[in-house]
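Dumped run29.json below, it's JSON, C-alpha atoms and all ligand atoms:
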```json
[["chain", "number", "residue", "atom", "x", "y", "z"],
["A", 856, "MET", "CA", -55.56, 44.80, 52.41],
["A", 857, "TRP", "CA", -55.73, 46.41, 55.83],
["A", 858, "VAL", "CA", -59.16, 46.51, 57.47],
["A", 859, "ALA", "CA", -59.93, 48.30, 60.74],
["A", 860, "LEU", "CA", -62.97, 47.41, 62.81],
["A", 861, "GLU", "CA", -64.29, 50.51, 64.55],
["A", 862, "GLY", "CA", -67.11, 51.16, 67.00],
["A", 863, "GLY", "CA", -67.98, 52.17, 70.52],
["A", 864, "ASP", "CA", -67.29, 50.20, 73.69],
["A", 865, "GLY", "CA", -69.62, 47.17, 73.83],
["A", 866, "SER", "CA", -70.19, 47.16, 70.05],
["A", 867, "GLY", "CA", -68.75, 43.64, 69.68],
["A", 868, "LYS", "CA", -66.04, 44.76, 67.27],
["A", 869, "SER", "CA", -63.30, 42.73, 69.01],
["A", 870, "THR", "CA", -65.29, 39.53, 68.38],
["A", 871, "GLN", "CA", -65.92, 40.61, 64.79],
["A", 872, "ALA", "CA", -62.24, 41.45, 64.24],
["A", 873, "ARG", "CA", -61.29, 37.94, 65.34],
["A", 874, "LEU", "CA", -63.91, 36.26, 63.15],
["A", 875, "LEU", "CA", -62.93, 38.37, 60.13],
["A", 876, "ALA", "CA", -59.22, 37.65, 60.57],
["A", 877, "ASP", "CA", -59.99, 33.90, 60.82],
["A", 878, "ALA", "CA", -62.12, 34.01, 57.67],
["A", 879, "LEU", "CA", -59.45, 35.89, 55.69],
["A", 880, "GLY", "CA", -56.40, 34.16, 57.17],
["A", 881, "ALA", "CA", -55.24, 37.66, 58.07],
["A", 882, "VAL", "CA", -52.93, 38.93, 60.80],
["A", 883, "LEU", "CA", -55.13, 39.99, 63.76],
["A", 884, "THR", "CA", -53.93, 42.95, 65.75],
["A", 885, "ARG", "CA", -55.26, 45.90, 67.76],
["A", 886, "GLU", "CA", -54.79, 49.50, 68.82],
["A", 887, "PRO", "CA", -53.86, 50.34, 71.43],
["A", 888, "GLY", "CA", -51.75, 47.38, 72.54],
["A", 889, "GLY", "CA", -50.67, 45.50, 69.41],
["A", 890, "THR", "CA", -46.98, 45.47, 70.40],
["A", 891, "ALA", "CA", -44.98, 44.96, 73.61],
["A", 892, "VAL", "CA", -44.46, 48.71, 73.99],
["A", 893, "GLY", "CA", -48.10, 49.26, 73.04],
["A", 894, "ALA", "CA", -49.29, 46.84, 75.73],
["A", 895, "ARG", "CA", -47.61, 49.06, 78.33],
["A", 896, "ILE", "CA", -49.15, 52.20, 76.81],
["A", 897, "ARG", "CA", -52.56, 50.46, 76.72],
["A", 898, "ALA", "CA", -52.31, 49.48, 80.39],
["A", 899, "LEU", "CA", -51.60, 53.11, 81.32],
["A", 900, "LEU", "CA", -54.44, 54.43, 79.14],
["A", 901, "LEU", "CA", -57.10, 51.97, 80.31],
["A", 902, "ASP", "CA", -56.24, 51.96, 84.03],
["A", 903, "PRO", "CA", -59.01, 53.80, 85.95],
["A", 904, "GLY", "CA", -56.19, 54.74, 88.35],
["A", 905, "THR", "CA", -54.73, 56.97, 85.61],
["A", 906, "THR", "CA", -56.52, 60.10, 86.75],
["A", 907, "ALA", "CA", -56.33, 63.65, 85.41],
["A", 908, "LEU", "CA", -54.69, 62.63, 82.14],
["A", 909, "ASP", "CA", -54.69, 65.66, 79.86],
["A", 910, "ALA", "CA", -56.67, 65.04, 76.64],
["A", 911, "ARG", "CA", -53.69, 65.98, 74.46],
["A", 912, "ALA", "CA", -51.43, 63.65, 76.44],
["A", 913, "GLU", "CA", -54.02, 60.91, 75.91],
["A", 914, "ALA", "CA", -54.06, 61.61, 72.15],
["A", 915, "LEU", "CA", -50.26, 61.53, 71.99],
["A", 916, "LEU", "CA", -50.09, 58.22, 73.86],
["A", 917, "MET", "CA", -52.59, 56.76, 71.34],
["A", 918, "ALA", "CA", -50.43, 58.14, 68.54],
["A", 919, "ALA", "CA", -47.25, 56.69, 70.07],
["A", 920, "ASP", "CA", -48.93, 53.28, 70.26],
["A", 921, "ARG", "CA", -50.06, 53.70, 66.63],
["A", 922, "ALA", "CA", -46.59, 54.57, 65.32],
["A", 923, "GLN", "CA", -45.05, 51.54, 67.07],
["A", 924, "HIS", "CA", -47.87, 49.31, 65.79],
["A", 925, "MET", "CA", -47.33, 50.52, 62.23],
["A", 926, "ALA", "CA", -43.57, 49.99, 62.38],
["A", 927, "GLU", "CA", -43.58, 46.66, 64.16],
["A", 928, "VAL", "CA", -46.74, 44.88, 63.00],
["A", 929, "VAL", "CA", -48.72, 46.43, 60.14],
["A", 930, "ALA", "CA", -46.02, 47.56, 57.72],
["A", 931, "PRO", "CA", -44.07, 44.27, 57.86],
["A", 932, "ALA", "CA", -47.26, 42.21, 57.46],
["A", 933, "LEU", "CA", -48.42, 44.21, 54.43],
["A", 934, "ALA", "CA", -44.91, 44.12, 52.95],
["A", 935, "GLY", "CA", -45.00, 40.34, 53.35],
["A", 936, "GLY", "CA", -48.24, 40.13, 51.38],
["A", 937, "ARG", "CA", -50.49, 39.43, 54.37],
["A", 938, "ASP", "CA", -53.90, 40.94, 54.98],
["A", 939, "VAL", "CA", -54.24, 42.74, 58.30],
["A", 940, "VAL", "CA", -57.34, 43.08, 60.48],
["A", 941, "SER", "CA", -57.02, 45.64, 63.24],
["A", 942, "ASP", "CA", -59.34, 45.95, 66.21],
["A", 943, "ARG", "CA", -59.52, 49.81, 66.04],
["A", 944, "SER", "CA", -57.18, 52.22, 64.33],
["A", 945, "ALA", "CA", -56.72, 55.96, 63.87],
["A", 946, "TRP", "CA", -60.42, 56.76, 63.47],
["A", 947, "SER", "CA", -60.85, 55.79, 67.13],
["A", 948, "SER", "CA", -58.66, 58.78, 67.99],
["A", 949, "LEU", "CA", -60.87, 61.07, 65.92],
["A", 950, "ALA", "CA", -64.00, 59.65, 67.58],
["A", 951, "TYR", "CA", -62.77, 59.38, 71.20],
["A", 952, "GLN", "CA", -60.18, 62.16, 71.59],
["A", 953, "GLY", "CA", -61.92, 64.38, 69.01],
["A", 954, "TYR", "CA", -65.70, 64.02, 69.25],
["A", 955, "GLY", "CA", -65.54, 62.48, 72.74],
["A", 956, "ARG", "CA", -62.96, 64.67, 74.52],
["A", 957, "GLY", "CA", -63.45, 67.74, 72.35],
["A", 958, "LEU", "CA", -59.99, 68.06, 70.78],
["A", 959, "PRO", "CA", -59.94, 69.44, 67.22],
["A", 960, "VAL", "CA", -60.62, 66.59, 64.81],
["A", 961, "GLU", "CA", -58.40, 67.99, 62.04],
["A", 962, "ALA", "CA", -55.38, 68.19, 64.36],
["A", 963, "LEU", "CA", -55.97, 64.56, 65.35],
["A", 964, "ARG", "CA", -56.21, 63.59, 61.71],
["A", 965, "ARG", "CA", -52.80, 65.16, 61.05],
["A", 966, "LEU", "CA", -51.29, 63.59, 64.17],
["A", 967, "SER", "CA", -52.66, 60.16, 63.18],
["A", 968, "ASP", "CA", -51.43, 60.61, 59.63],
["A", 969, "TRP", "CA", -47.94, 61.33, 60.95],
["A", 970, "ALA", "CA", -48.06, 58.32, 63.29],
["A", 971, "LEU", "CA", -49.12, 56.11, 60.36],
["A", 972, "GLY", "CA", -46.52, 57.52, 57.98],
["A", 973, "GLY", "CA", -49.43, 58.45, 55.71],
["A", 974, "ARG", "CA", -50.63, 54.84, 55.31],
["A", 975, "TRP", "CA", -54.21, 54.50, 56.68],
["A", 976, "PRO", "CA", -56.26, 51.30, 56.72],
["A", 977, "ASP", "CA", -57.85, 50.61, 53.32],
["A", 978, "LEU", "CA", -61.26, 50.09, 54.86],
["A", 979, "ALA", "CA", -62.96, 50.92, 58.15],
["A", 980, "VAL", "CA", -66.00, 48.88, 59.18],
["A", 981, "LEU", "CA", -68.20, 50.58, 61.76],
["A", 982, "ILE", "CA", -69.99, 48.04, 63.93],
["A", 983, "ASP", "CA", -72.94, 50.27, 64.69],
["A", 984, "VAL", "CA", -74.72, 49.61, 67.98],
["A", 985, "PRO", "CA", -76.99, 52.19, 69.69],
["A", 986, "ALA", "CA", -75.54, 53.55, 72.93],
["A", 987, "ASP", "CA", -78.22, 51.98, 75.17],
["A", 988, "VAL", "CA", -77.66, 48.49, 73.69],
["A", 989, "ALA", "CA", -73.87, 48.80, 74.08],
["A", 990, "ASP", "CA", -74.34, 49.98, 77.66],
["A", 991, "ALA", "CA", -76.59, 47.01, 78.50],
["A", 992, "ARG", "CA", -74.00, 44.60, 77.02],
["A", 993, "LEU", "CA", -71.18, 46.09, 79.09],
["A", 994, "SER", "CA", -73.28, 45.88, 82.27],
["A", 995, "ALA", "CA", -74.23, 42.26, 81.49],
["A", 996, "ALA", "CA", -70.56, 41.35, 80.97],
["A", 997, "GLY", "CA", -70.13, 42.19, 84.65],
["A", 998, "ARG", "CA", -66.43, 43.05, 84.52],
["A", 999, "ALA", "CA", -64.91, 46.21, 85.99],
["A", 1000, "ALA", "CA", -65.09, 49.16, 83.61],
["A", 1001, "ASP", "CA", -61.82, 50.49, 82.17],
["A", 1002, "ARG", "CA", -61.03, 54.23, 82.02],
["A", 1003, "PHE", "CA", -63.00, 54.72, 78.77],
["A", 1004, "GLU", "CA", -65.89, 52.41, 79.59],
["A", 1005, "GLY", "CA", -66.27, 54.29, 82.87],
["A", 1006, "GLU", "CA", -66.98, 57.58, 81.07],
["A", 1007, "GLY", "CA", -70.59, 58.75, 81.18],
["A", 1008, "ASP", "CA", -73.39, 58.20, 78.66],
["A", 1009, "ALA", "CA", -72.91, 61.64, 77.10],
["A", 1010, "PHE", "CA", -69.28, 60.81, 76.24],
["A", 1011, "HIS", "CA", -70.26, 57.50, 74.62],
["A", 1012, "ARG", "CA", -73.04, 59.16, 72.62],
["A", 1013, "ARG", "CA", -70.60, 61.78, 71.28],
["A", 1014, "VAL", "CA", -68.17, 59.00, 70.31],
["A", 1015, "LEU", "CA", -70.87, 57.04, 68.47],
["A", 1016, "ASP", "CA", -72.17, 60.14, 66.69],
["A", 1017, "GLY", "CA", -68.55, 60.91, 65.79],
["A", 1018, "PHE", "CA", -68.06, 57.49, 64.20],
["A", 1019, "ARG", "CA", -71.30, 57.92, 62.22],
["A", 1020, "THR", "CA", -70.18, 61.37, 61.04],
["A", 1021, "LEU", "CA", -66.77, 60.04, 59.96],
["A", 1022, "ALA", "CA", -68.38, 57.14, 58.11],
["A", 1023, "SER", "CA", -70.85, 59.29, 56.22],
["A", 1024, "ALA", "CA", -68.14, 61.83, 55.29],
["A", 1025, "GLN", "CA", -65.95, 59.17, 53.65],
["A", 1026, "PRO", "CA", -68.27, 56.49, 52.20],
["A", 1027, "ASP", "CA", -65.54, 55.12, 49.91],
["A", 1028, "ARG", "CA", -63.40, 54.30, 52.97],
["A", 1029, "TRP", "CA", -66.16, 53.13, 55.34],
["A", 1030, "ALA", "CA", -68.79, 50.45, 55.55],
["A", 1031, "VAL", "CA", -71.43, 50.51, 58.29],
["A", 1032, "VAL", "CA", -72.79, 47.22, 59.62],
["A", 1033, "ASP", "CA", -75.70, 46.87, 62.05],
["A", 1034, "GLY", "CA", -74.10, 45.38, 65.17],
["A", 1035, "THR", "CA", -77.37, 44.56, 66.95],
["A", 1036, "ARG", "CA", -77.89, 41.38, 64.89],
["A", 1037, "PRO", "CA", -76.68, 37.94, 66.12],
["A", 1038, "VAL", "CA", -72.89, 37.51, 66.05],
["A", 1039, "GLU", "CA", -72.87, 35.16, 63.01],
["A", 1040, "ASP", "CA", -75.10, 37.51, 60.98],
["A", 1041, "VAL", "CA", -72.85, 40.47, 61.72],
["A", 1042, "ALA", "CA", -69.76, 38.40, 60.82],
["A", 1043, "ALA", "CA", -71.30, 37.33, 57.49],
["A", 1044, "ARG", "CA", -72.19, 40.92, 56.67],
["A", 1045, "VAL", "CA", -68.69, 42.18, 57.59],
["A", 1046, "LEU", "CA", -67.06, 39.51, 55.43],
["A", 1047, "ALA", "CA", -69.38, 40.35, 52.53],
["A", 1048, "VAL", "CA", -68.56, 44.07, 52.61],
["A", 1049, "VAL", "CA", -64.83, 43.39, 52.90],
["A", 1050, "ARG", "CA", -64.92, 40.97, 49.95],
["A", 1051, "ALA", "CA", -66.97, 43.43, 47.88],
["A", 1052, "ARG", "CA", -64.51, 46.27, 48.57],
["A", 1053, "ALA", "CA", -61.45, 44.07, 47.99],
["A", 1054, "GLY", "CA", -62.83, 43.07, 44.60],
["A", 1055, "ALA", "CA", -63.77, 46.64, 43.69],
["B", 1, "LIG", "P1", -60.78, 48.31, 73.12],
["B", 1, "LIG", "O1", -59.71, 47.47, 72.53],
["B", 1, "LIG", "O2", -62.06, 48.43, 72.40],
["B", 1, "LIG", "O3", -61.06, 47.85, 74.59],
["B", 1, "LIG", "P2", -61.76, 46.49, 75.06],
["B", 1, "LIG", "O4", -60.69, 45.45, 75.11],
["B", 1, "LIG", "O5", -62.28, 46.90, 76.39],
["B", 1, "LIG", "O6", -62.82, 46.17, 74.04],
["B", 1, "LIG", "O7", -60.20, 49.80, 73.21],
["B", 1, "LIG", "C1", -59.60, 50.36, 74.30],
["B", 1, "LIG", "C2", -60.13, 51.75, 74.53],
["B", 1, "LIG", "O8", -59.27, 52.72, 73.92],
["B", 1, "LIG", "C3", -61.51, 52.00, 73.97],
["B", 1, "LIG", "O9", -62.34, 52.44, 75.03],
["B", 1, "LIG", "C4", -61.33, 53.13, 72.99],
["B", 1, "LIG", "C5", -60.04, 53.76, 73.35],
["B", 1, "LIG", "N1", -59.30, 54.36, 72.21],
["B", 1, "LIG", "C6", -59.21, 55.74, 72.11],
["B", 1, "LIG", "O10", -59.75, 56.48, 72.94],
["B", 1, "LIG", "N2", -58.47, 56.29, 71.09],
["B", 1, "LIG", "C7", -57.84, 55.51, 70.15],
["B", 1, "LIG", "O11", -57.17, 56.05, 69.25],
["B", 1, "LIG", "C8", -57.95, 54.09, 70.27],
["B", 1, "LIG", "C9", -57.25, 53.20, 69.27],
["B", 1, "LIG", "C10", -58.69, 53.55, 71.32]]
```

Take the structure I supplied and represent it as structure tokens, if you would.
Amino acid sequence: MWVALEGGDGSGKSTQARLLADALGAVLTREPGGTAVGARIRALLLDPGTTALDARAEALLMAADRAQHMAEVVAPALAGGRDVVSDRSAWSSLAYQGYGRGLPVEALRRLSDWALGGRWPDLAVLIDVPADVADARLSAAGRAADRFEGEGDAFHRRVLDGFRTLASAQPDRWAVVDGTRPVEDVAARVLAVVRARAGA
């Protein structure tokens, strides 16, 4: 099974991806940046010094990372019988480049589908955290904001609304978990939904 953890910046999904992978004994990976080539693409995408990047170019760089990640990490792991937990996947492109940047969501869905060779994660778990809570967490972390974190509140609200829209449109593919609870509670809830779906 391939599970993607999705959510806005400051949602805690990276922590939850790690805890879920530990609990399942799964391969832990991420987009962007799950491969050596992807790490270079990620650095370019997240660098606040990357200014005036066209939204389509941004989407294509995410897709390039995704194709490499599929070929090099996900497909071999699944073929070898391993479970895979990914910190973000293609739905992040629909939420960020689509709802966030305003590119057409259906075009991004087709682009992502092509990058994935038609094989999407079996389950997406949205770690749902209201924008103001996520913002407070990022400020408290005290580290310099990357190119996405540095976007304004309106952008982050569109992204979060986008994730919620995607989740409610495809309830068989999504589970939504309240990410405002303590870390261990969220982890237990994520594990429970993944086990329930895996057994379904
Ligand atoms: P993330 O791994 O969440 O960063 P961090 O290590 O700071 O938690 O994700 C990197 C950023 O990339 C995040 O702001 C969302 C963005 N992103 C997109 O815009 N589109 C995509 O398709 C993906 C996978 C990520």

Closest pair table for chain A residues within 9 Å of ligand LIG 1 (chain B), only C-alpha atoms and all ligand atoms, as a Markdown table:
```
| residue | atom | partner | partner_atom | distance |
| --- | --- | --- | --- | --- |
| A:Glu861 | CA | B:LIG1 | O2 | 8.4 |
| A:Gly862 | CA | B:LIG1 | O2 | 7.9 |
| A:Gly863 | CA | B:LIG1 | C4 | 7.2 |
| A:Asp864 | CA | B:LIG1 | O9 | 5.6 |
| A:Gly865 | CA | B:LIG1 | O6 | 6.9 |
| A:Ser866 | CA | B:LIG1 | O6 | 8.4 |
| A:Gly867 | CA | B:LIG1 | O6 | 7.8 |
| A:Lys868 | CA | B:LIG1 | O2 | 7.5 |
| A:Ser869 | CA | B:LIG1 | O6 | 6.1 |
| A:Arg885 | CA | B:LIG1 | O1 | 6.7 |
| A:Glu886 | CA | B:LIG1 | C9 | 4.5 |
| A:Pro887 | CA | B:LIG1 | C9 | 4.9 |
| A:Gly888 | CA | B:LIG1 | O1 | 8.0 |
| A:Arg897 | CA | B:LIG1 | C1 | 7.4 |
| A:Leu900 | CA | B:LIG1 | O8 | 7.3 |
| A:Leu901 | CA | B:LIG1 | C2 | 6.5 |
| A:Glu913 | CA | B:LIG1 | O10 | 7.8 |
| A:Ala914 | CA | B:LIG1 | N2 | 7.0 |
| A:Leu916 | CA | B:LIG1 | O11 | 8.7 |
| A:Met917 | CA | B:LIG1 | O11 | 5.1 |
| A:Ala918 | CA | B:LIG1 | O11 | 7.1 |
| A:Asp920 | CA | B:LIG1 | C9 | 8.4 |
| A:Arg921 | CA | B:LIG1 | C9 | 7.7 |
| A:Asp942 | CA | B:LIG1 | O1 | 6.5 |
| A:Arg943 | CA | B:LIG1 | C9 | 5.2 |
| A:Ser944 | CA | B:LIG1 | C9 | 5.0 |
| A:Ala945 | CA | B:LIG1 | O11 | 5.4 |
| A:Trp946 | CA | B:LIG1 | O11 | 6.7 |
| A:Ser947 | CA | B:LIG1 | O11 | 4.3 |
| A:Ser948 | CA | B:LIG1 | O11 | 3.4 |
| A:Leu949 | CA | B:LIG1 | O11 | 7.1 |
| A:Ala950 | CA | B:LIG1 | N2 | 7.4 |
| A:Tyr951 | CA | B:LIG1 | O10 | 4.5 |
| A:Gln952 | CA | B:LIG1 | O10 | 5.9 |
| A:Gly955 | CA | B:LIG1 | O10 | 8.3 |
| A:Arg956 | CA | B:LIG1 | O10 | 8.9 |
| A:Ser967 | CA | B:LIG1 | O11 | 8.6 |
| A:Ala1000 | CA | B:LIG1 | O5 | 8.1 |
| A:Asp1001 | CA | B:LIG1 | O5 | 6.8 |
| A:Arg1002 | CA | B:LIG1 | O9 | 7.3 |
| A:Phe1003 | CA | B:LIG1 | O9 | 4.4 |
| A:Glu1004 | CA | B:LIG1 | O9 | 5.8 |
| A:Gly1005 | CA | B:LIG1 | O9 | 9.0 |
```

Of the candidates A:Val980, A:Ala1051, A:Gln871, A:Ser994, which shows the shortest atom-to-atom distance to Ser1023 in chain A, using all atoms listed in the file? A:Val980

Separation of CA of Leu978 in chain A from CA of Arg1028 in chain A in Å: 5.1 Å

Counting only C-alpha atoms, figure out which residue out of A:Ala989, A:Ala859, A:Ala910, A:Ala970 gets nearest to Ala872 in chain A.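 So, comparing all the options, the nearest one is A:Ala859.
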
May I ask for the distance between CA of Ile982 in chain A and CA of Val1032 in chain A, given in Å to one decimal place?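 Calculated distance between CA of Ile982 in chain A and CA of Val1032 in chain A is 5.2 Å.
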
Which one is closest to Leu1046 in chain A: A:Ala1024, A:Gly973, A:Ala996, A:Ala1030? Count all atoms listed in the file. A:Ala1030

Please measure the separation of CA of Thr1020 in chain A and CA of Leu860 in chain A, giving the value in Å to one decimal. 15.8 Å

From the list A:Leu958, A:Ala912, A:Val988, A:Val882, which residue is nearest His1011 in chain A when using only C-alpha atoms? A:Val988

My list of candidates is A:Val1014, A:Met925, A:Asp977, A:Leu883. Which is closest to Ala1053 in chain A when distances are computed with all atoms listed in the file? A:Asp977

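Checking A:Ala881, A:Arg974, A:Gly936, A:Val984 one by one against Arg1036 in chain A, counting all atoms listed in the file, you find the shortest gap at A:Val984.
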
Need the shell around Trp857 in chain A: protein/DNA/RNA residues with any atom at most 8 Å away, counting only C-alpha atoms. Skip same-chain ones fewer than 6 positions apart. Format as a PyMOL selection string? chain A and resi 933+938-941+976-978
